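*Asks:* Shown below is the structure under consideration.
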Amino acid sequence: MFGAYVIPSASMEGTLNIGDRVIASKIKPKVSGVQRGDIVIFHDPAHWLNTGPHDDFLIKRVIGVGGDRVS
């Protein structure tokens, strides 16, 4: 299963730019695991970006995993 997404903000610049379109496979983290450097797409129930009716997902790079200390 796949999903199509549009990048709504500059938070991923350098990798993804505003307006870029991506297609991502919907693999459960329990199956593949999440590692530092991975780009993940996740549901945004709080609508942090509040950019419109299609802002239900965020696309971010993983900078830490369980047990890491990020400063």
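Residues in the structure tokens are named by chain (A, B, ... in the order shown) and by number from 1 within that chain; ligands are numbered from 1 in the order shown.
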What's the 12 Å shell around Ile63 (chain A), counting only C-alpha atoms, without same-chain residues fewer than 2 positions away, as a count of residues only?

*Replies:* 16

*Asks:* Could you pull the residues within 6 Å of region 18-22 of chain A, counting only C-alpha atoms, minus those fewer than 4 positions along the same chain, as a PyMOL selection string?

*Replies:* chain A and resi 4-10

*Asks:* For the structure I just gave you, how does DSSP split region 4-63 of chain A - specifically, which residues are alpha helix (DSSP H)? Reply as a list in words.

*Replies:*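 Of region 4-63 of chain A, only Pro29, Lys30, Val31 and Ser32 of chain A fall in alpha helix (DSSP H).
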
*Asks:* What does the structure give for the distance between CA of Phe2 (chain A) and CA of Ala24 (chain A), in Å to one decimal?

*Replies:*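 CA of Phe2 (chain A) sits 5.5 Å away from CA of Ala24 (chain A).
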
*Asks:* Please identify the strand (DSSP E or B) residues within chain A (assignment by DSSP from backbone atoms) and present them as a PyMOL selection string.

*Replies:* chain A and resi 2-6+21-25+39-43+57-61

*Asks:* Emit the selected residues as a short mmCIF file (atom, residue, chain, number, x, y, z; two decimals), in the first residue's frame, including C-alpha atoms.

*Replies:*
```cif
data_model
loop_
_atom_site.label_atom_id
_atom_site.label_comp_id
_atom_site.auth_asym_id
_atom_site.auth_seq_id
_atom_site.Cartn_x
_atom_site.Cartn_y
_atom_site.Cartn_z
CA PHE A 2 1.23 3.48 -0.87
CA GLY A 3 0.31 7.07 -0.07
CA ALA A 4 0.93 10.33 -1.96
CA TYR A 5 1.87 13.46 0.00
CA VAL A 6 2.80 17.10 -0.70
CA ARG A 21 5.46 15.49 -3.95
CA VAL A 22 6.42 12.13 -2.50
CA ILE A 23 5.00 8.63 -2.70
CA ALA A 24 5.72 6.48 0.34
CA SER A 25 5.11 2.86 1.18
CA ILE A 39 12.17 9.78 6.84
CA VAL A 40 8.80 8.97 8.38
CA ILE A 41 5.26 10.12 7.69
CA PHE A 42 2.83 10.15 10.58
CA HIS A 43 -0.67 11.33 11.39
CA PHE A 57 0.23 14.13 8.05
CA LEU A 58 3.75 15.28 8.91
CA ILE A 59 6.94 14.21 7.15
CA LYS A 60 10.05 14.29 9.34
CA ARG A 61 13.54 12.79 9.63
#
```

*Asks:* Could you check how far CA of Ile27 (chain A) sits from CA of Glu13 (chain A), in Å to one decimal?

*Replies:* 24.0 Å

*Asks:* One decimal, in Å: what's the spacing between CA of His47 (chain A) and CA of Thr15 (chain A)?

*Replies:*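 Taking CA of His47 (chain A) and CA of Thr15 (chain A), their separation equals 22.3 Å.
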